[in-house]
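Here is the file start-v1.cif (mmCIF, C-alpha atoms and all ligand atoms).
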```cif
data_protein
#
loop_
_atom_site.label_atom_id
_atom_site.label_comp_id
_atom_site.auth_asym_id
_atom_site.auth_seq_id
_atom_site.Cartn_x
_atom_site.Cartn_y
_atom_site.Cartn_z
CA MET A 628 -16.14 45.43 59.77
CA THR A 629 -14.49 45.60 56.38
CA ALA A 630 -15.51 43.48 53.49
CA THR A 631 -12.89 43.74 50.85
CA ALA A 632 -12.28 40.94 48.41
CA SER A 633 -8.83 40.35 46.97
CA LEU A 634 -7.86 42.01 43.70
CA GLU A 635 -7.40 38.60 42.16
CA GLN A 636 -11.04 37.72 42.84
CA LEU A 637 -12.22 41.12 41.68
CA ARG A 638 -10.40 40.87 38.39
CA ARG A 639 -12.51 37.81 37.58
CA CYS A 640 -15.81 39.67 38.07
CA HIS A 641 -17.92 40.61 35.05
CA PHE A 642 -19.86 43.49 36.49
CA ALA A 643 -19.99 45.65 39.60
CA VAL A 644 -22.86 47.39 41.34
CA ASP A 645 -23.05 50.35 43.72
CA LEU A 646 -26.54 50.29 45.21
CA GLY A 647 -26.81 53.70 46.85
CA ALA A 648 -29.61 55.26 48.86
CA ALA A 649 -29.98 57.90 46.15
CA ARG A 650 -28.57 56.30 43.00
CA THR A 651 -27.76 52.92 41.54
CA ARG A 652 -24.67 52.60 39.38
CA VAL A 653 -23.47 49.63 37.40
CA TYR A 654 -20.11 49.03 35.76
CA VAL A 655 -19.80 46.31 33.14
CA LYS A 656 -16.29 45.08 32.42
CA GLY A 657 -15.13 46.29 29.05
CA ALA A 658 -18.08 48.68 28.71
CA GLY A 659 -17.70 51.10 31.65
CA VAL A 660 -20.53 52.67 33.66
CA VAL A 661 -23.72 51.56 31.91
CA VAL A 662 -26.28 52.56 34.57
CA ASP A 663 -26.39 55.72 36.70
CA GLN A 664 -29.99 56.26 37.78
CA PRO A 665 -32.01 57.07 40.90
CA SER A 666 -32.64 53.99 43.10
CA VAL A 667 -36.39 54.29 42.62
CA ALA A 668 -39.18 52.07 41.31
CA ALA A 669 -42.87 52.81 40.72
CA VAL A 670 -45.27 49.92 41.27
CA ASN A 671 -48.93 49.39 40.49
CA THR A 672 -50.28 48.24 43.86
CA ARG A 673 -53.36 46.62 42.25
CA THR A 674 -51.43 44.29 39.94
CA GLY A 675 -47.95 44.36 41.46
CA ALA A 676 -46.56 45.35 38.06
CA LEU A 677 -43.51 47.56 37.79
CA ILE A 678 -44.44 50.77 36.01
CA ALA A 679 -41.18 52.65 35.90
CA VAL A 680 -37.67 52.69 37.34
CA GLY A 681 -34.87 55.23 37.67
CA GLU A 682 -35.28 58.85 36.50
CA PHE A 683 -38.79 58.30 35.27
CA ALA A 684 -39.98 56.71 38.52
CA GLU A 685 -38.36 59.51 40.51
CA LYS A 686 -40.26 62.12 38.50
CA MET A 687 -43.47 60.38 39.55
CA THR A 688 -42.74 60.96 43.25
CA GLY A 689 -45.64 62.88 44.76
CA ARG A 690 -47.51 62.92 41.44
CA THR A 691 -49.09 59.45 41.37
CA PRO A 692 -52.70 58.31 41.68
CA ASP A 693 -53.24 56.22 44.80
CA TYR A 694 -52.79 52.85 43.10
CA ILE A 695 -49.20 53.69 42.09
CA ARG A 696 -46.57 53.58 44.79
CA VAL A 697 -43.08 54.96 44.38
CA VAL A 698 -40.60 52.89 46.37
CA ARG A 699 -36.92 53.05 47.24
CA PRO A 700 -35.56 49.53 47.72
CA VAL A 701 -32.29 50.88 49.14
CA SER A 702 -32.48 52.86 52.35
CA GLY A 703 -29.80 54.12 54.69
CA GLY A 704 -27.22 52.62 52.34
CA THR A 705 -28.49 49.05 52.47
CA VAL A 706 -30.94 46.99 50.45
CA VAL A 707 -34.18 46.86 52.44
CA ASP A 708 -36.35 45.20 49.79
CA ILE A 709 -34.36 42.52 47.99
CA GLU A 710 -37.05 41.53 45.53
CA MET A 711 -37.77 45.11 44.51
CA ALA A 712 -34.05 45.87 44.22
CA GLN A 713 -33.67 42.93 41.85
CA ARG A 714 -36.60 44.02 39.70
CA MET A 715 -35.29 47.57 39.62
CA LEU A 716 -31.79 46.44 38.61
CA ARG A 717 -33.13 44.13 35.91
CA HIS A 718 -35.00 47.00 34.32
CA LEU A 719 -32.16 49.45 34.70
CA LEU A 720 -29.76 47.03 33.01
CA GLY A 721 -32.09 46.39 30.11
CA ASP A 722 -32.38 43.30 27.90
CA LYS A 723 -29.20 43.78 25.91
CA ILE A 724 -26.81 43.96 28.85
CA ARG A 725 -28.63 41.19 30.68
CA ARG A 726 -28.37 38.91 27.66
CA SER A 727 -24.63 39.50 27.41
CA LEU A 728 -24.16 38.84 31.15
CA ARG A 729 -26.26 35.68 30.97
CA ARG A 730 -23.86 34.27 28.38
CA LYS A 731 -21.05 34.01 30.98
CA PRO A 732 -20.73 30.38 32.13
CA ILE A 733 -20.17 31.50 35.72
CA LEU A 734 -21.36 35.03 36.22
CA ARG A 735 -19.33 36.90 38.85
CA ALA A 736 -20.36 40.20 40.37
CA ALA A 737 -18.80 42.74 42.71
CA ALA A 738 -20.56 45.28 44.88
CA CYS A 739 -19.57 47.91 47.36
CA THR A 740 -21.17 48.02 50.80
CA PRO A 741 -21.00 50.74 53.46
CA HIS A 742 -18.09 50.58 55.84
CA ASP A 743 -20.04 49.27 58.82
CA ALA A 744 -22.49 47.09 56.90
CA ASP A 745 -23.53 44.24 59.19
CA PRO A 746 -23.72 40.62 57.98
CA LEU A 747 -27.44 41.01 57.29
CA ALA A 748 -26.91 44.04 55.09
CA GLN A 749 -24.08 42.28 53.26
CA ARG A 750 -26.32 39.25 52.77
CA ALA A 751 -29.09 41.44 51.32
CA CYS A 752 -26.67 42.90 48.80
CA ILE A 753 -25.33 39.47 47.83
CA GLU A 754 -28.84 38.04 47.45
CA THR A 755 -29.89 40.91 45.25
CA LEU A 756 -27.09 40.12 42.82
CA VAL A 757 -27.62 36.37 43.06
CA GLY A 758 -31.18 37.05 41.93
CA LEU A 759 -29.70 38.70 38.87
CA GLY A 760 -27.88 35.50 37.99
CA ALA A 761 -24.52 36.05 39.72
CA ARG A 762 -22.99 32.79 40.96
CA ARG A 763 -20.35 34.57 43.03
CA VAL A 764 -20.49 38.01 44.62
CA GLU A 765 -17.42 39.83 45.95
CA LEU A 766 -17.94 42.67 48.39
CA VAL A 767 -15.71 45.72 48.60
CA ASP A 768 -15.80 48.36 51.31
CA THR A 769 -17.18 51.55 49.76
CA LEU A 770 -14.34 53.52 51.31
CA ILE A 771 -11.73 51.46 49.43
CA ALA A 772 -13.71 51.51 46.18
CA ALA A 773 -14.13 55.29 46.38
CA ALA A 774 -10.48 55.90 47.27
CA VAL A 775 -9.35 53.80 44.30
CA GLY A 776 -11.90 55.53 42.06
CA CYS A 777 -10.59 58.99 42.79
CA GLY A 778 -7.01 57.91 42.18
CA LEU A 779 -5.70 58.08 45.74
CA PRO A 780 -2.48 56.07 46.07
CA VAL A 781 -4.10 53.66 48.50
CA GLU A 782 -1.48 50.95 48.13
CA ARG A 783 1.44 53.13 49.28
CA PRO A 784 2.65 53.27 52.86
CA GLU A 785 1.43 56.86 53.17
CA ALA A 786 -1.79 57.84 54.82
CA THR A 787 -4.65 59.37 52.88
CA MET A 788 -8.00 60.52 54.14
CA VAL A 789 -11.16 60.00 52.15
CA LEU A 790 -14.59 61.42 52.93
CA VAL A 791 -17.42 59.64 51.13
CA CYS A 792 -20.36 62.05 51.13
CA GLY A 793 -23.41 59.98 50.20
CA ALA A 794 -27.13 60.61 50.42
CA ALA A 795 -27.82 58.60 53.57
CA ALA A 796 -24.44 58.69 55.26
CA THR A 797 -21.00 60.18 55.29
CA GLN A 798 -18.07 57.81 55.73
CA VAL A 799 -14.59 58.91 56.58
CA ALA A 800 -11.42 56.83 56.65
CA VAL A 801 -7.69 56.98 56.92
CA LEU A 802 -6.18 54.52 54.47
CA SER A 803 -2.66 53.22 54.24
CA LEU A 804 -1.13 50.20 52.50
CA GLY A 805 -4.38 49.37 50.78
CA SER A 806 -6.43 48.99 53.90
CA ILE A 807 -8.44 50.99 56.35
CA VAL A 808 -6.51 52.18 59.38
CA ASN A 809 -9.43 53.87 60.98
CA ALA A 810 -12.93 54.78 59.83
CA VAL A 811 -16.35 55.91 60.94
CA ARG A 812 -19.73 56.08 59.28
CA ILE A 813 -21.87 59.04 60.25
CA PRO A 814 -25.55 58.46 59.49
CA VAL A 815 -25.92 61.95 58.04
CA GLY A 816 -25.65 62.77 54.35
CA GLY A 817 -27.14 64.85 51.55
CA GLU A 818 -30.67 63.78 52.47
CA ALA A 819 -30.26 65.15 56.01
CA VAL A 820 -29.00 68.47 54.66
CA ASP A 821 -31.96 68.75 52.26
CA HIS A 822 -34.31 67.76 55.06
CA ALA A 823 -32.90 70.43 57.38
CA ILE A 824 -33.55 73.08 54.72
CA VAL A 825 -37.10 71.89 54.05
CA GLN A 826 -37.87 71.82 57.80
CA HIS A 827 -36.44 75.30 58.30
CA LEU A 828 -38.71 76.78 55.63
CA ARG A 829 -41.70 74.93 57.01
CA HIS A 830 -41.14 76.16 60.56
CA GLN A 831 -39.88 79.66 59.94
CA HIS A 832 -41.87 80.61 56.86
CA GLU A 833 -44.74 78.11 56.81
CA LEU A 834 -43.65 77.24 53.33
CA MET A 835 -43.53 73.82 51.71
CA LEU A 836 -40.58 73.57 49.40
CA PRO A 837 -40.79 71.25 46.39
CA SER A 838 -37.79 68.90 46.45
CA GLN A 839 -36.40 70.28 43.20
CA SER A 840 -36.12 73.76 44.77
CA VAL A 841 -33.64 72.71 47.46
CA ARG A 842 -30.65 72.84 45.12
CA PRO A 843 -31.10 76.47 43.95
CA LEU A 844 -31.38 77.51 47.58
CA GLN A 845 -28.12 75.70 48.40
CA LEU A 846 -26.46 77.59 45.58
CA ALA A 847 -27.73 80.90 46.95
CA LEU A 848 -26.33 79.94 50.36
CA SER A 849 -22.93 79.33 48.99
CA GLY A 850 -22.51 82.85 47.56
CA ASN A 851 -19.15 82.83 49.31
CA GLY A 852 -19.22 79.40 50.87
CA LEU A 853 -21.13 78.01 53.78
CA THR A 854 -18.86 79.80 56.23
CA ALA A 855 -18.85 83.30 54.83
CA SER A 856 -21.85 85.42 53.99
CA GLY A 857 -23.24 85.40 50.48
CA PRO A 858 -26.33 87.46 49.64
CA ALA A 859 -28.24 88.32 52.83
CA SER A 860 -31.50 86.97 51.54
CA THR A 861 -32.92 85.16 48.55
CA GLU A 862 -36.41 84.69 47.14
CA ILE A 863 -37.87 81.20 47.32
CA HIS A 864 -41.10 79.94 45.77
CA GLY A 865 -43.13 77.28 47.50
CA ARG A 866 -46.57 76.48 48.80
CA ASP A 867 -48.20 77.89 51.90
CA VAL A 868 -48.45 75.16 54.54
CA ALA A 869 -51.95 76.25 55.63
CA THR A 870 -53.66 77.35 52.41
CA GLY A 871 -51.77 75.20 49.93
CA LEU A 872 -51.46 78.22 47.63
CA ALA A 873 -48.29 79.24 45.83
CA ARG A 874 -46.35 81.85 47.74
CA SER A 875 -42.86 83.25 47.67
CA VAL A 876 -40.82 84.51 50.60
CA GLN A 877 -37.54 86.28 51.20
CA VAL A 878 -35.38 83.79 53.04
CA ASP A 879 -32.54 84.92 55.25
CA THR A 880 -29.57 82.91 53.97
CA ALA A 881 -27.67 83.10 57.28
CA ALA A 882 -30.59 81.41 59.04
CA VAL A 883 -30.67 78.58 56.48
CA ARG A 884 -26.94 78.20 56.84
CA ASP A 885 -27.48 77.82 60.60
CA ALA A 886 -30.18 75.21 59.99
CA ILE A 887 -27.78 72.95 58.09
CA GLN A 888 -25.03 73.31 60.68
CA THR A 889 -26.41 70.41 62.72
CA PRO A 890 -25.84 67.72 60.06
CA LEU A 891 -22.55 69.28 58.99
CA THR A 892 -21.29 69.42 62.58
CA ALA A 893 -21.94 65.68 62.89
CA VAL A 894 -19.63 65.18 59.90
CA LEU A 895 -16.95 67.35 61.49
CA ASP A 896 -17.20 65.35 64.73
CA GLY A 897 -16.67 62.16 62.74
CA ILE A 898 -13.55 63.54 61.07
CA GLY A 899 -12.25 64.63 64.48
CA LYS A 900 -12.80 61.17 65.90
CA VAL A 901 -10.93 59.46 63.06
CA LEU A 902 -8.02 61.89 63.42
CA ARG A 903 -7.85 61.46 67.19
CA ASP A 904 -7.61 57.68 66.90
CA CYS A 905 -4.99 57.84 64.16
CA PRO A 906 -1.31 56.96 64.79
CA PRO A 907 0.80 60.18 64.92
CA ASP A 908 3.02 59.27 61.94
CA LEU A 909 -0.02 59.06 59.73
CA VAL A 910 -1.45 62.35 61.00
CA ALA A 911 1.66 64.08 59.65
CA ASP A 912 0.96 62.63 56.16
CA LEU A 913 -2.63 63.76 56.41
CA ALA A 914 -1.72 67.32 57.29
CA ASP A 915 0.16 67.44 53.96
CA ARG A 916 -2.23 65.59 51.75
CA GLY A 917 -5.46 66.66 53.35
CA ILE A 918 -8.92 65.27 52.78
CA MET A 919 -10.29 63.95 49.49
CA MET A 920 -14.05 64.40 49.18
CA VAL A 921 -16.04 61.98 47.02
CA GLY A 922 -19.75 61.10 46.66
CA GLY A 923 -22.59 63.26 45.35
CA SER A 924 -22.86 65.43 48.44
CA ALA A 925 -19.23 66.52 48.03
CA LEU A 926 -20.82 68.92 45.52
CA LEU A 927 -22.88 70.63 48.21
CA PRO A 928 -21.85 74.23 47.56
CA GLY A 929 -19.40 75.49 50.14
CA PHE A 930 -19.06 72.16 51.98
CA ASP A 931 -15.36 71.90 51.06
CA GLN A 932 -14.67 75.44 52.24
CA MET A 933 -16.39 74.76 55.51
CA LEU A 934 -14.23 71.67 56.09
CA ARG A 935 -11.07 73.56 55.16
CA HIS A 936 -12.00 76.27 57.61
CA ALA A 937 -12.88 73.88 60.45
CA THR A 938 -9.98 71.42 60.11
CA GLY A 939 -7.22 73.67 58.80
CA MET A 940 -6.33 70.84 56.40
CA PRO A 941 -6.17 70.97 52.61
CA VAL A 942 -9.48 69.75 51.18
CA HIS A 943 -9.94 68.50 47.62
CA ILE A 944 -13.07 67.45 45.74
CA ALA A 945 -12.53 64.50 43.44
CA GLU A 946 -13.18 64.94 39.76
CA ARG A 947 -16.74 63.62 39.20
CA PRO A 948 -17.08 62.74 42.91
CA GLU A 949 -20.45 61.02 42.52
CA VAL A 950 -19.08 58.15 40.41
CA CYS A 951 -15.84 57.47 42.32
CA ALA A 952 -17.05 54.33 44.09
CA VAL A 953 -18.37 52.61 40.97
CA GLU A 954 -15.37 53.73 38.90
CA GLY A 955 -13.11 52.32 41.63
CA LEU A 956 -14.88 48.97 41.40
CA GLY A 957 -14.49 49.21 37.63
CA ALA A 958 -10.74 49.84 37.92
CA MET A 959 -10.43 46.72 40.08
CA LEU A 960 -12.43 44.61 37.61
CA GLU A 961 -10.30 45.79 34.71
CA GLY A 962 -7.09 45.12 36.64
CA ARG A 963 -6.11 48.77 36.18
CA ILE A 964 -4.68 49.24 39.66
CA GLU A 965 -1.48 48.12 41.29
CA PRO A 966 -1.89 45.07 43.51
CA LEU A 967 -2.74 46.23 46.98
CA ALA A 968 0.23 45.87 49.29
CA LEU A 969 -1.61 43.41 51.46
CA ASP A 970 -2.57 41.06 48.65
CA PRO A 971 -0.30 38.03 48.71
CA LEU A 972 2.50 38.35 46.15
CA SER A 973 2.08 35.97 43.26
CA ASP A 974 5.20 34.30 41.93
N1 LIG B 1 -24.63 69.39 42.91
C1 LIG B 1 -25.01 68.93 44.10
N2 LIG B 1 -25.10 69.75 45.17
C2 LIG B 1 -25.47 69.29 46.36
N3 LIG B 1 -25.80 68.03 46.62
C3 LIG B 1 -25.74 67.15 45.59
C4 LIG B 1 -25.33 67.55 44.29
N4 LIG B 1 -25.37 66.46 43.49
C5 LIG B 1 -25.77 65.43 44.25
N5 LIG B 1 -26.01 65.85 45.51
C6 LIG B 1 -26.48 65.04 46.63
O1 LIG B 1 -25.69 63.89 46.70
C7 LIG B 1 -26.47 62.80 47.18
C8 LIG B 1 -26.27 61.64 46.26
O2 LIG B 1 -24.91 61.27 46.30
P1 LIG B 1 -24.47 59.80 45.89
O3 LIG B 1 -24.90 59.53 44.49
O4 LIG B 1 -23.05 59.67 46.26
O5 LIG B 1 -25.41 58.96 46.91
P2 LIG B 1 -25.61 57.41 47.06
O6 LIG B 1 -24.35 56.70 46.69
O7 LIG B 1 -26.84 56.98 46.37
O8 LIG B 1 -25.88 57.36 48.63
P3 LIG B 1 -25.23 56.45 49.76
O9 LIG B 1 -23.79 56.24 49.37
O10 LIG B 1 -25.40 57.26 51.02
O11 LIG B 1 -26.03 55.21 49.77
C9 LIG B 1 -27.91 63.24 47.23
O12 LIG B 1 -28.27 63.47 48.58
C10 LIG B 1 -27.90 64.53 46.44
O13 LIG B 1 -28.82 65.44 46.97
MG MG B 2 -22.74 55.87 47.61
#
```

What does the file become when written as structure tokens?
Ligand SMILES: Nc1ncnc2c1ncn2[C@@H]1O[C@H](COP(=O)(O)OP(=O)(O)OP(=O)(O)O)[C@@H](O)[C@H]1O
Ligand SMILES: [Mg+2]
Amino acid sequence: MTATASLEQLRRCHFAVDLGAARTRVYVKGAGVVVDQPSVAAVNTRTGALIAVGEFAEKMTGRTPDYIRVVRPVSGGTVVDIEMAQRMLRHLLGDKIRRSLRRKPILRAAACTPHDADPLAQRACIETLVGLGARRVELVDTLIAAAVGCGLPVERPEATMVLVCGAAATQVAVLSLGSIVNAVRIPVGGEAVDHAIVQHLRHQHELMLPSQSVRPLQLALSGNGLTASGPASTEIHGRDVATGLARSVQVDTAAVRDAIQTPLTAVLDGIGKVLRDCPPDLVADLADRGIMMVGGSALLPGFDQMLRHATGMPVHIAERPEVCAVEGLGAMLEGRIEPLALDPLSD
């Protein structure tokens, strides 16, 4: 199911929101991206009061006394706690921006939702923004928003392939003439890759890895990309599962690379499926243009090389891939893009 509003409606919106499983981003017309923070809130369970949101709340994860709970109101790419998502957004926006939005006689908002978002998930997103004062909410398919945001010529009659690598999911689509020809959403993203690494260390080395140590290990893996061999082993500091004491181990990088093959293979299968179901004329365009990677997990070291190797297609990473979707929404709000071919011509 695609939920993409017309450009005409989008141009009338005052702000746009990308509520991601990992991060929340907000674009305000005329001001640009004003919020780019983790989708996290910390709540005092005794009083119900909000203690922190965004970066600060994320830092509290795993470090709170038992009366403080760190919550993520967006999960798997959809809003699962509407009230908490509203409170989080209100705080992330801050008083100044909220005051200026409240001055609009009819506040209009846009949001992007995952490609296969069901009516319930779309409703949750709309209600979240209605709670923020929006009188109208336009939904845009994340795949379209991201493709626009990375400057793909979506409105032309040529096929392009976009791979949105999020935290909770990876979405892949072939786009032509401003709409989605074929797409799939694979429920595997950056979180699954991090999880596979943490599980590997726990099982093979009886080591608990603090979440902030996953990234350096990924970098070590990528010495020469996920496909080739970098350094044979790397030293990792963590905590012993049994004793709880600090310990460091030499980790075999090839074994970790194997551990993350499962989530990455699921992504490859998704790409294969989209290509198989694609009309032959478009496949020829794709072989030329290749795949454009967007989303935070596009930065996973060596991921692009692995895709290049496995598909034989050119693979590009967008400039600032993590903000493509929200920047795409922004471009639509500002009227910076050509009318999509399928929008009715105005005369
Ligand atoms: N430099 C990096 N290397 C590897 N992974 C990264 C890097 N930067 C961000 N990520 C990963 O990207 C993910 C966040 O990407 P993004 O901001 O696109 O997610 P999101 O939009 O919140 O999620 P979703 O679209 O799935 O709801 C996280 O899983 C994070 O671990
Ligand atoms: Mg996203």

In terms of the shortest atom-to-atom distance over only C-alpha atoms and all ligand atoms, which of A:Ile733, A:Val698, A:Leu634, A:Ala794 is closest to ligand LIG 1 (chain B)? A:Ala794

Step by step, measure atom-to-atom distances between ligand MG 2 (chain B) and each residue using all atoms listed in the file, keep those at most 9 Å, then write them as a PDB file with C-alpha atoms, in the frame of the given file.
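So pocket.pdb came out as:
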```pdb
ATOM      1  CA  ASP A 645     -23.050  50.350  43.720  1.00  0.00           C
ATOM      2  CA  LEU A 646     -26.540  50.290  45.210  1.00  0.00           C
ATOM      3  CA  GLY A 647     -26.810  53.700  46.850  1.00  0.00           C
ATOM      4  CA  ALA A 648     -29.610  55.260  48.860  1.00  0.00           C
ATOM      5  CA  ALA A 649     -29.980  57.900  46.150  1.00  0.00           C
ATOM      6  CA  ARG A 650     -28.570  56.300  43.000  1.00  0.00           C
ATOM      7  CA  THR A 651     -27.760  52.920  41.540  1.00  0.00           C
ATOM      8  CA  GLY A 704     -27.220  52.620  52.340  1.00  0.00           C
ATOM      9  CA  CYS A 739     -19.570  47.910  47.360  1.00  0.00           C
ATOM     10  CA  THR A 740     -21.170  48.020  50.800  1.00  0.00           C
ATOM     11  CA  PRO A 741     -21.000  50.740  53.460  1.00  0.00           C
ATOM     12  CA  THR A 769     -17.180  51.550  49.760  1.00  0.00           C
ATOM     13  CA  ALA A 773     -14.130  55.290  46.380  1.00  0.00           C
ATOM     14  CA  VAL A 791     -17.420  59.640  51.130  1.00  0.00           C
ATOM     15  CA  CYS A 792     -20.360  62.050  51.130  1.00  0.00           C
ATOM     16  CA  GLY A 793     -23.410  59.980  50.200  1.00  0.00           C
ATOM     17  CA  ALA A 794     -27.130  60.610  50.420  1.00  0.00           C
ATOM     18  CA  ALA A 795     -27.820  58.600  53.570  1.00  0.00           C
ATOM     19  CA  ALA A 796     -24.440  58.690  55.260  1.00  0.00           C
ATOM     20  CA  THR A 797     -21.000  60.180  55.290  1.00  0.00           C
ATOM     21  CA  GLY A 922     -19.750  61.100  46.660  1.00  0.00           C
ATOM     22  CA  GLY A 923     -22.590  63.260  45.350  1.00  0.00           C
ATOM     23  CA  GLU A 949     -20.450  61.020  42.520  1.00  0.00           C
ATOM     24  CA  VAL A 950     -19.080  58.150  40.410  1.00  0.00           C
ATOM     25  CA  CYS A 951     -15.840  57.470  42.320  1.00  0.00           C
ATOM     26  CA  ALA A 952     -17.050  54.330  44.090  1.00  0.00           C
ATOM     27  CA  VAL A 953     -18.370  52.610  40.970  1.00  0.00           C
TER      28      VAL A 953
END
```

Can you work out the spacing between CA of Arg874 in chain A and CA of Thr861 in chain A in Å, to one decimal?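 Interatomic distance here is 13.9 Å.
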
Kindly provide, as JSON, the centre and edge lengths (Å, one decimal) of an axis-aligned box around all atoms of ligand LIG 1 (chain B) given in the file, with 5 Å on each side.
```
{"center_x": -25.9, "center_y": 62.5, "center_z": 47.0, "size_x": 15.8, "size_y": 24.5, "size_z": 18.1}
```

Residue nearest Arg714 in chain A - candidates A:Pro700, A:Pro907, A:Gly899, A:Gly865, atoms counted: all atoms listed in the file: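 Looking at the shortest contact to Arg714 in chain A, the residue is A:Pro700.
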
Best match for closeness to ligand LIG 1 (chain B) among A:Ile918, A:Leu927, A:Val701, A:Ile964, counting all atoms listed in the file: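 That would be A:Leu927, the residue with the smallest distance to ligand LIG 1 (chain B).
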
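Closest to Gln636 in chain A among A:His718, A:Lys656, A:Arg735, A:Lys900 is A:Arg735, based on all atoms listed in the file.
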
When you count all atoms listed in the file, which of these residues is closest to Phe642 in chain A: A:Arg903, A:Val757, A:Leu956, A:Ala945? A:Leu956

If you count all atoms listed in the file, which residues fall within 10 Å of range 676-690 of chain A, apart from same-chain ones fewer than 2 positions away, as a PyMOL selection string? chain A and resi 650-651+662-674+692-693+695-699+711+714-719+837-838
